[in-house]
Amino acid sequence: MGAIENGIALVLHWDVLLTIFLAAAFGLVVGAIPGLTATMAIALLVPVTFFMDPIPAVGAMISCSAMAIFAGDIPSTLMRMPGTPASAAYTDECYAMTRKGQAQLALGANVLFSALGGLFGTFVLIISAPLLAEVALQFSSFEYFWLALLGLACAIFIGTGSPLKGMISLFIGLFVASIGLENPAGIPRFTMGNTDLMSGVDFIPAMIGLFAMSEVIRSMVSGAQDWDVKQVALGNPLKGWGHLFVKYWPQQLRGNITGTAIGILPGAGADIAAWVSFAMSRKFSKTPEKFGTGHLEGIVESTSSNNAALGGAWVPALVFGIPGDSITAIVIGVLYLKGLNPGPTLFLNNPESIYAIFFIFILANVAMVPLGLAAARAGTALLNIPRRILMPIILAFCVVGAFAVNNAVYGVIIMLVFGVLGFLMEEHEVPVAPCVLGIVLGKMLEESFVTSMIKSDGSFLGFFERPIAGGLGVVTLLVLLIPVWGWLRGRMRRTQPA
Amino acid sequence: MKRLFAALCVAASACLAFSPASAAGYPERPITLIVPWGAGGGTDAVARIIGSLLERDLKQPVAVVNRTGGQGVVGHQAIADSAPDGYTIGLITVEIGMMHWQGLTKLDYQSYTPVALLNEDAAGVQVRADSPYKTVRDLLDDIKAHPGKLKASGTGQGGIWHLALAGMLASDKIAPASVPWVPSNGAAPGLQDLMAGGVQVVTCSLPEARSVIDAGRVRSLAVMSKERSKLMPDVPTLKEATGSDWAIGAWRGIAGPKGLPKDVTDVLGAALKKAYDSKEYQDFLTSRGFGGRWAEGAAFGTFMAESDAALGAVMKEVGIAK
C-alpha cells in the first residue's frame with residue numbers, strides 16, 4: 001500500500017500538476033490542428049523533457065498524448081477533417097451530426113466516452129499489466145495477419161451503400177498502400193523513378209484529401225450555400241451525459257474491452273480498434289439503418305475504443321520496452337533518459353514510479369473533460385461563419401496540415417490528388433471510409449503475410465498451427481463467410497417457389 | 001486583409017533576398033536539421049539532443065525536421081538537395097553507404113560535406129534466453145548442420161542488421177542464404193517476433209535489445225565490433241567468440257550538402273565538438289546505452305568511404321547489390 005501512496009505523493013506537487021496541465025493544453029492545440037498528430041506533439045515535447053525530473057517528464061507525455069488523440073475528433077466533427085486515422089472510422093458519422101445541428105452533442109459524447117475509455121484502459125493497466133504483456137508477446141506475424149484481415153472485413157459492415165462499391169473503395173485503398181519502397185522485399189513499386197513516391201502515400205494527407213478536401217470541392221461546386229440548420233447548444237452536459245451513459249452502456253463497455261485488447265498488442269493500435277468497434281457497433285445494433293445519418297451509437301463505441309487502446313499500448317512498453325505505437329516508442333526513449341528503464345524490474349525496484357504513472361493517467365483523463373468541453377464549445381463557434389468564408393479557411397488548413405506531416409510539398413500534392421479522387425468517388429456514391437481503411441491496413445496485411453510465409457517455408461498451414469493464430473483464423477473466416485452463406489441461402493429461397 | 005497579405009509578401013521576399021548573403025557571422029538565422037528517420041527512433045533522439053545543444057551554443061534556433069520514407073532515401077535526398085549555405089544540415093546514417101548499391105538512388109557519401117561523426121552502435125547477435133545456443137559457435141554450427149532451419153530478423157530486407165548477419169555467416173564460410181531473413185519494421189518488432197517464437201535469431205544493436213535482455217527474455221551472444229560494448233561488457237566480441245574479423249555497426253553523423261563553405265564547417269565542427277564533449281550528450285549516450293564515436297571533417301569522410309566499401313562487398317555477396 002505504501003508504494004501507491006508514495007506514487008500519488010510524487011504527483012501531487014504543484015509543479016508536476018502544472019506541467020501536466022500545460023502539456024494537456026499543448027496536446028489539445030496540436031491535436032486539434034489537422035495533420036499534426038499526437039506523435040508529433042510528443043516529439044516536440046522531447047527536448048523540453050531533457051530538463052525535467054522523471055515524473056513531470058512522463059506526466060507531460062501522458063497528458064499530452066491523451067488530449068491530442070481526443071482533440072483529433074474536433075476538426076473531424078466540425079470540418080470533416082480527421083486528425084488521426086483513429087478518428088477516421090467515425091468522421092462521417094460525427095459530421096452527419098454536425099449537419100443536423102448536433103455538433104456539440106457529438107463532441108460532448110466524444111469527450112465523455114474518450115475519458116471513460118481512457119480510464120477503463122488505465123484500470124486494466126493497473127490490475128494486470130505484467131500478465132497481459134505476456135499474452136501480447138505471443139503475437140507473431142501469423143496472428144497479425146488474421147487481425148489485419150479481420151480489420152479489412154470491417155469495410156463490409158461499415159459501408160451503408162452497396163457492398164460492391166465498398167469493395168471498390170477498399171481496393172483503391174489497398175492499391176495505394178502498395179505504392180513505394182516500404183514493402184517486405186524493399187522493391188520500389190509504382191514509383192516511376194520519383195524519390196518522393198518511394199516513401200509511398202502517407203495516410204494523413206490522403207485522409208485529409210479524401211474527407212475534407214472533397215467536401216470543400218463539393219461545397220464550392222454547389223456555390224457554398226449556408227446550411228439551413230442551427231447548432232443546438234449542449235446546455236448542461238452533466239444532464240445529457242447521464243442519459244447517454246445509461247442508454248449506451250453496452251456499446252461503451254464493448255468499445256472499452258475491444259480497444260484495450262487491441263491496444264495491448266504491439267503491432268496494432270487505436271486506429272484498428274476504432275474501425276473494428278465501429279463495425280461491431282453497426283453489426284450488433286438494433287437500428288443499423290440509422291448508421292450514417294448522424295447516429296451516436298457507433299460514435300460512442302469507437303471513441304471509447306480508441307482511447308482505451310491508448311492505455312493498452314503502455315502495457316508492452318512498460319513491461320518489456322516494446323513500443324505499442326509510435327507514441328510509446330518515444331516515451332521509452334525518455335524513460336531510459338530518466339533512469340526509469342522499462343522492464344519487469346521497473347515494477348519491482350521502482351513501484352512508486354509505476355503508481356505515479358498510473359495516477360497521472362487517471363488525472364489526464366479526468367482533466368480531459370473540462371478542457372475538451374471548453375474546446376468543443378469554442379470550436380463550434382466556427383460553424384457560425386458563413387460557408388463561403390469557412391471553406392477557404394478549411395482549404396488553408398488542409399494545405400498546412402498536409403504539408404506539416406513531413407514538411408514537404410509532396411504531402412500537399414497527395415492531399416489535392418485524393419481530394420479530387422474523394423470528390424469523384426462520392427459523386428458516384430462510392431464511400432471513402434473503406435479506402436482509408438485499405439491504406440491503413442494494406443501494409444500490415446502484406447507484411448504479415450509475406451513474413452509468415454518466409455517463416456513457414458511457404459506452407460499455408462502455418463496460419464493455423466499456432467493456437468492464437470488458429471483461433472483468430474477461424475473467427476475471421478466465419479466473419480467473412482457468414483454474409484456469403486446468408487446471401488446464398490437467400491438466393492436458394494427466392495429460386496425455390498418459382 | 002489585402003494590405004496584410006502584401007506586407008507578408010514583402011517580408012517574405014526580403015528574407016529570400018537576404019538569405020544567400022555570405023556566411024559572415026554564420027549563423028545569423030535559424031538552422032534546419034533534417035532527420036531521414038521518424039520521430040521516436042534512436043536517430044531522432046540523437047538529432048534532438050544535438051539540435052538543442054547546437055541551439056545553446058550557436059544562439060540560433062535549430063529546428064529538427066523528420067523527412068521519412070523510402071528507407072531513408074527521401075530524407076538523405078532532401079539534405080543533399082538543400083542550398084549549401086549551412087542553414088540546412090542533416091543527420092546522415094549508415095544507410096547512405098547502402099542504398100546506392102541497391103540501385104535505389106545515385107546518392108552516396110560523396111554527395112555531402114562531412115561535418116562530424118557522432119555515434120556508432122555495433123551489431124549484436126541475440127537469441128531467446130531459453131534457446132539451446134550458449135555461444136555464437138553453437139549457433140553457427142547448428143546453421144551449418146541445418147541450413148534453412150533458423151530464421152532471423154531485426155530490420156527490413158537488405159537493411160544494416162541483415163547485412164550484419166550475412167557478413168558474419170560469410171566470414172565463417174556459410175552461405176548467407178542458410179538463414180532466411182524475415183523483414184521487419186526495425187529492431188523492436190523483430191525482437192518481439194523473437195520472443196513470440198516467429199524467428200530464432202535477431203541481429204540488432206545492443207541498446208535496441210537492452211530492455212528485453214534486462215528483462216531476462218533474450219540473450220546476446222556476441223557483438224560485431226573490435227571492442228566490447230560499454231553497455232554490456234560481459235558480451236564477447238565476435239573475434240573472441242569465433243576468431244572472425246567481421247565488424248559492423250550503425251553510425252550517425254552530421255553532414256551538409258556538397259560544397260559547404262569552409263567557414264561554415266569550421267563553426268559547425270567546433271560547435272559539434274563542444275556538443276559531443278558536453279555532459280548532456282555523454283549522459284545521454286550512457287543512459288540510452290548508445291556508443292559515442294567522434295570524427296571530424298575529412299576523417300569522417302574517410303570513415304564513410306571505408307564503411308561504403310565494406311557494405312558494398314557484403315551486399316554483392318548476399319546478392320542485394322545491383
# chains A, B, ... in the order shown; residues from 1 in each chain; ligands from 1

$ interface_residues --of "chain A" --to "chain B" --cutoff "7 Å" --atoms "only C-alpha atoms" --output "PyMOL selection string"
chain A and resi 43+47+137-140+180-182+184-186+195-196+198-199+320-322+326+329-330+336-337+339+342-344+406+451+454-455

$ residues_around --residues "Arg252 (chain B)" --least-positions-apart "4" --cutoff "6 Å" --atoms "only C-alpha atoms" --output "list in words"
Ile92, Thr93, Leu118 and Asn119 of chain B

$ select_by_dssp --residues "region 53-266 of chain B" --states "strand (DSSP E)" --output "PyMOL selection string"
chain B and resi 62-66+88-93+112-128+152-153+201-205+218-223+249-257

$ write_last_selection --atoms "C-alpha atoms" --output "JSON list (two decimals), in the first residue's frame"
[["chain", "number", "residue", "atom", "x", "y", "z"],
["B", 62, "VAL", "CA", 17.74, 24.69, -34.60],
["B", 63, "ALA", "CA", 14.58, 23.08, -36.00],
["B", 64, "VAL", "CA", 14.65, 19.28, -36.21],
["B", 65, "VAL", "CA", 12.60, 18.15, -39.19],
["B", 66, "ASN", "CA", 11.77, 14.49, -39.85],
["B", 88, "THR", "CA", 20.08, 23.27, -43.77],
["B", 89, "ILE", "CA", 22.12, 20.38, -42.46],
["B", 90, "GLY", "CA", 21.20, 16.81, -41.73],
["B", 91, "LEU", "CA", 21.89, 13.74, -39.66],
["B", 92, "ILE", "CA", 23.02, 11.14, -42.16],
["B", 93, "THR", "CA", 23.14, 7.46, -41.26],
["B", 112, "TYR", "CA", 27.71, 15.51, -48.83],
["B", 113, "THR", "CA", 30.14, 17.71, -46.98],
["B", 114, "PRO", "CA", 31.04, 15.65, -43.90],
["B", 115, "VAL", "CA", 30.99, 17.66, -40.67],
["B", 116, "ALA", "CA", 31.17, 15.24, -37.74],
["B", 117, "LEU", "CA", 30.52, 11.63, -36.79],
["B", 118, "LEU", "CA", 28.61, 11.42, -33.51],
["B", 119, "ASN", "CA", 27.78, 7.83, -32.67],
["B", 120, "GLU", "CA", 28.18, 4.19, -33.68],
["B", 121, "ASP", "CA", 26.44, 1.09, -32.34],
["B", 122, "ALA", "CA", 27.80, -2.31, -33.28],
["B", 123, "ALA", "CA", 25.55, -5.18, -34.27],
["B", 124, "GLY", "CA", 24.87, -7.87, -31.67],
["B", 125, "VAL", "CA", 23.69, -11.46, -32.12],
["B", 126, "GLN", "CA", 20.62, -12.15, -30.00],
["B", 127, "VAL", "CA", 18.73, -15.37, -29.30],
["B", 128, "ARG", "CA", 15.92, -16.26, -26.89],
["B", 152, "ALA", "CA", 16.46, -14.21, -38.49],
["B", 153, "SER", "CA", 15.04, -10.70, -38.29],
["B", 201, "VAL", "CA", 17.92, -15.02, -34.24],
["B", 202, "VAL", "CA", 17.83, -11.22, -34.19],
["B", 203, "THR", "CA", 20.83, -9.17, -35.18],
["B", 204, "CYS", "CA", 20.45, -5.61, -33.93],
["B", 205, "SER", "CA", 22.45, -3.25, -31.72],
["B", 218, "VAL", "CA", 16.75, -12.53, -24.67],
["B", 219, "ARG", "CA", 20.46, -13.28, -24.58],
["B", 220, "SER", "CA", 23.18, -11.56, -26.56],
["B", 221, "LEU", "CA", 25.87, -13.98, -27.77],
["B", 222, "ALA", "CA", 28.37, -11.59, -29.31],
["B", 223, "VAL", "CA", 28.90, -8.09, -30.57],
["B", 249, "GLY", "CA", 27.71, -1.04, -36.85],
["B", 250, "ALA", "CA", 25.10, 1.62, -37.48],
["B", 251, "TRP", "CA", 26.54, 5.13, -37.34],
["B", 252, "ARG", "CA", 25.11, 8.61, -37.36],
["B", 253, "GLY", "CA", 26.79, 11.89, -38.21],
["B", 254, "ILE", "CA", 26.10, 15.47, -39.20],
["B", 255, "ALA", "CA", 26.66, 16.50, -42.81],
["B", 256, "GLY", "CA", 25.62, 19.25, -45.17],
["B", 257, "PRO", "CA", 25.05, 19.30, -48.91]]

$ residues_around --residues "region 211-221 of chain A" --least-positions-apart "2" --cutoff "6 Å" --atoms "only C-alpha atoms" --output "list in words"
Arg80, Met81, Ile208, Gly209, Gly223, Ala224, Met391, Gly419, Gly422 and Phe423 of chain A

$ write_last_selection --atoms "N, CA and C atoms" --output "PDB file, in the first residue's frame"
ATOM      1  N   ARG A  80     -15.085  17.785 -41.021  1.00  0.00           N
ATOM      2  CA  ARG A  80     -14.899  16.509 -41.706  1.00  0.00           C
ATOM      3  C   ARG A  80     -13.424  16.284 -42.026  1.00  0.00           C
ATOM      4  N   MET A  81     -12.574  16.648 -41.071  1.00  0.00           N
ATOM      5  CA  MET A  81     -11.137  16.591 -41.303  1.00  0.00           C
ATOM      6  C   MET A  81     -10.508  15.779 -40.176  1.00  0.00           C
ATOM      7  N   ILE A 208      -6.883  13.582 -45.252  1.00  0.00           N
ATOM      8  CA  ILE A 208      -7.357  14.963 -45.298  1.00  0.00           C
ATOM      9  C   ILE A 208      -7.977  15.236 -46.665  1.00  0.00           C
ATOM     10  N   GLY A 209      -7.325  14.714 -47.714  1.00  0.00           N
ATOM     11  CA  GLY A 209      -7.855  14.912 -49.057  1.00  0.00           C
ATOM     12  C   GLY A 209      -9.211  14.250 -49.240  1.00  0.00           C
ATOM     13  N   GLY A 223     -21.876  26.212 -54.854  1.00  0.00           N
ATOM     14  CA  GLY A 223     -21.949  27.629 -54.534  1.00  0.00           C
ATOM     15  C   GLY A 223     -21.813  27.951 -53.057  1.00  0.00           C
ATOM     16  N   ALA A 224     -21.318  27.009 -52.286  1.00  0.00           N
ATOM     17  CA  ALA A 224     -21.068  27.213 -50.857  1.00  0.00           C
ATOM     18  C   ALA A 224     -22.253  27.830 -50.135  1.00  0.00           C
ATOM     19  N   MET A 391     -15.106  27.837 -46.059  1.00  0.00           N
ATOM     20  CA  MET A 391     -14.496  26.849 -46.956  1.00  0.00           C
ATOM     21  C   MET A 391     -13.042  27.184 -47.310  1.00  0.00           C
ATOM     22  N   GLY A 419      -8.145  14.617 -52.797  1.00  0.00           N
ATOM     23  CA  GLY A 419      -9.339  15.445 -52.706  1.00  0.00           C
ATOM     24  C   GLY A 419     -10.211  15.265 -53.935  1.00  0.00           C
ATOM     25  N   GLY A 422     -11.586  11.711 -53.912  1.00  0.00           N
ATOM     26  CA  GLY A 422     -12.689  11.582 -52.956  1.00  0.00           C
ATOM     27  C   GLY A 422     -13.960  12.205 -53.498  1.00  0.00           C
ATOM     28  N   PHE A 423     -13.811  13.372 -54.135  1.00  0.00           N
ATOM     29  CA  PHE A 423     -14.972  14.046 -54.717  1.00  0.00           C
ATOM     30  C   PHE A 423     -15.628  13.169 -55.781  1.00  0.00           C
TER      31      PHE A 423
END

$ residues_around --residues "Ala356 (chain A)" --least-positions-apart "3" --cutoff "8 Å" --atoms "only C-alpha atoms" --output "PyMOL selection string"
chain A and resi 4+6-11+55+352-353+359-360

$ residues_around --residues "Val405 (chain A)" --least-positions-apart "2" --cutoff "8 Å" --atoms "only C-alpha atoms" --output "PDB file with C-alpha atoms, in the first residue's frame"
ATOM      1  CA  GLY A  35      -2.156  16.971 -39.986  1.00  0.00           C
ATOM      2  CA  LEU A  36      -0.374  17.497 -36.683  1.00  0.00           C
ATOM      3  CA  ILE A 204      -2.671  11.545 -43.183  1.00  0.00           C
ATOM      4  CA  PRO A 205      -2.576  13.785 -46.281  1.00  0.00           C
ATOM      5  CA  GLY A 401      -1.915  20.045 -42.374  1.00  0.00           C
ATOM      6  CA  ALA A 402      -0.809  18.066 -45.409  1.00  0.00           C
ATOM      7  CA  PHE A 403       2.461  19.987 -45.550  1.00  0.00           C
ATOM      8  CA  ASN A 407       7.393  19.199 -44.100  1.00  0.00           C
ATOM      9  CA  ALA A 408       7.147  18.630 -47.810  1.00  0.00           C
ATOM     10  CA  GLY A 411       2.120  15.949 -48.877  1.00  0.00           C
TER      11      GLY A 411
END

$ atom_distance --atom1 "CA of Ile34 (chain B)" --atom2 "CA of Arg189 (chain A)"
25.4 Å

$ atom_distance --atom1 "CA of Asp92 (chain A)" --atom2 "CA of Ser281 (chain A)"
15.0 Å

$ atom_distance --atom1 "CA of Leu125 (chain A)" --atom2 "CA of Gly372 (chain A)"
23.6 Å

$ decode --residues "region 219-236 of chain B" --atoms "N, CA and C atoms" --output "tab-separated table (two decimals), in the first residue's frame"
chain	number	residue	atom	x	y	z
B	219	ARG	N	19.05	-13.23	-24.93
B	219	ARG	CA	20.46	-13.28	-24.58
B	219	ARG	C	21.27	-12.79	-25.77
B	220	SER	N	22.30	-11.99	-25.49
B	220	SER	CA	23.18	-11.56	-26.56
B	220	SER	C	24.40	-12.46	-26.55
B	221	LEU	N	24.76	-13.03	-27.72
B	221	LEU	CA	25.87	-13.98	-27.77
B	221	LEU	C	27.19	-13.31	-28.11
B	222	ALA	N	27.12	-12.25	-28.91
B	222	ALA	CA	28.37	-11.59	-29.31
B	222	ALA	C	28.04	-10.23	-29.90
B	223	VAL	N	29.06	-9.39	-29.95
B	223	VAL	CA	28.90	-8.09	-30.57
B	223	VAL	C	29.94	-7.95	-31.69
B	224	MET	N	29.49	-7.50	-32.86
B	224	MET	CA	30.36	-7.49	-34.05
B	224	MET	C	31.19	-6.22	-34.07
B	225	SER	N	32.12	-6.11	-33.14
B	225	SER	CA	32.93	-4.91	-33.07
B	225	SER	C	34.30	-5.31	-32.54
B	226	LYS	N	35.26	-4.39	-32.69
B	226	LYS	CA	36.62	-4.71	-32.26
B	226	LYS	C	36.72	-4.74	-30.74
B	227	GLU	N	35.89	-3.90	-30.10
B	227	GLU	CA	35.94	-3.86	-28.63
B	227	GLU	C	34.58	-4.23	-28.06
B	228	ARG	N	34.61	-4.69	-26.81
B	228	ARG	CA	33.35	-4.98	-26.13
B	228	ARG	C	32.58	-3.69	-25.89
B	229	SER	N	31.28	-3.81	-25.74
B	229	SER	CA	30.47	-2.61	-25.55
B	229	SER	C	30.52	-2.18	-24.09
B	230	LYS	N	30.45	-0.86	-23.89
B	230	LYS	CA	30.46	-0.33	-22.53
B	230	LYS	C	29.17	-0.71	-21.82
B	231	LEU	N	28.09	-0.82	-22.61
B	231	LEU	CA	26.78	-1.10	-22.03
B	231	LEU	C	26.74	-2.50	-21.44
B	232	MET	N	27.26	-3.49	-22.18
B	232	MET	CA	27.23	-4.88	-21.69
B	232	MET	C	28.62	-5.49	-21.84
B	233	PRO	N	29.49	-5.21	-20.88
B	233	PRO	CA	30.88	-5.67	-21.02
B	233	PRO	C	31.02	-7.18	-20.94
B	234	ASP	N	29.97	-7.90	-20.55
B	234	ASP	CA	30.07	-9.36	-20.46
B	234	ASP	C	29.89	-10.03	-21.81
B	235	VAL	N	29.36	-9.32	-22.77
B	235	VAL	CA	29.13	-9.92	-24.09
B	235	VAL	C	30.44	-9.92	-24.87
B	236	PRO	N	30.92	-11.09	-25.32
B	236	PRO	CA	32.20	-11.14	-26.04
B	236	PRO	C	32.10	-10.53	-27.43
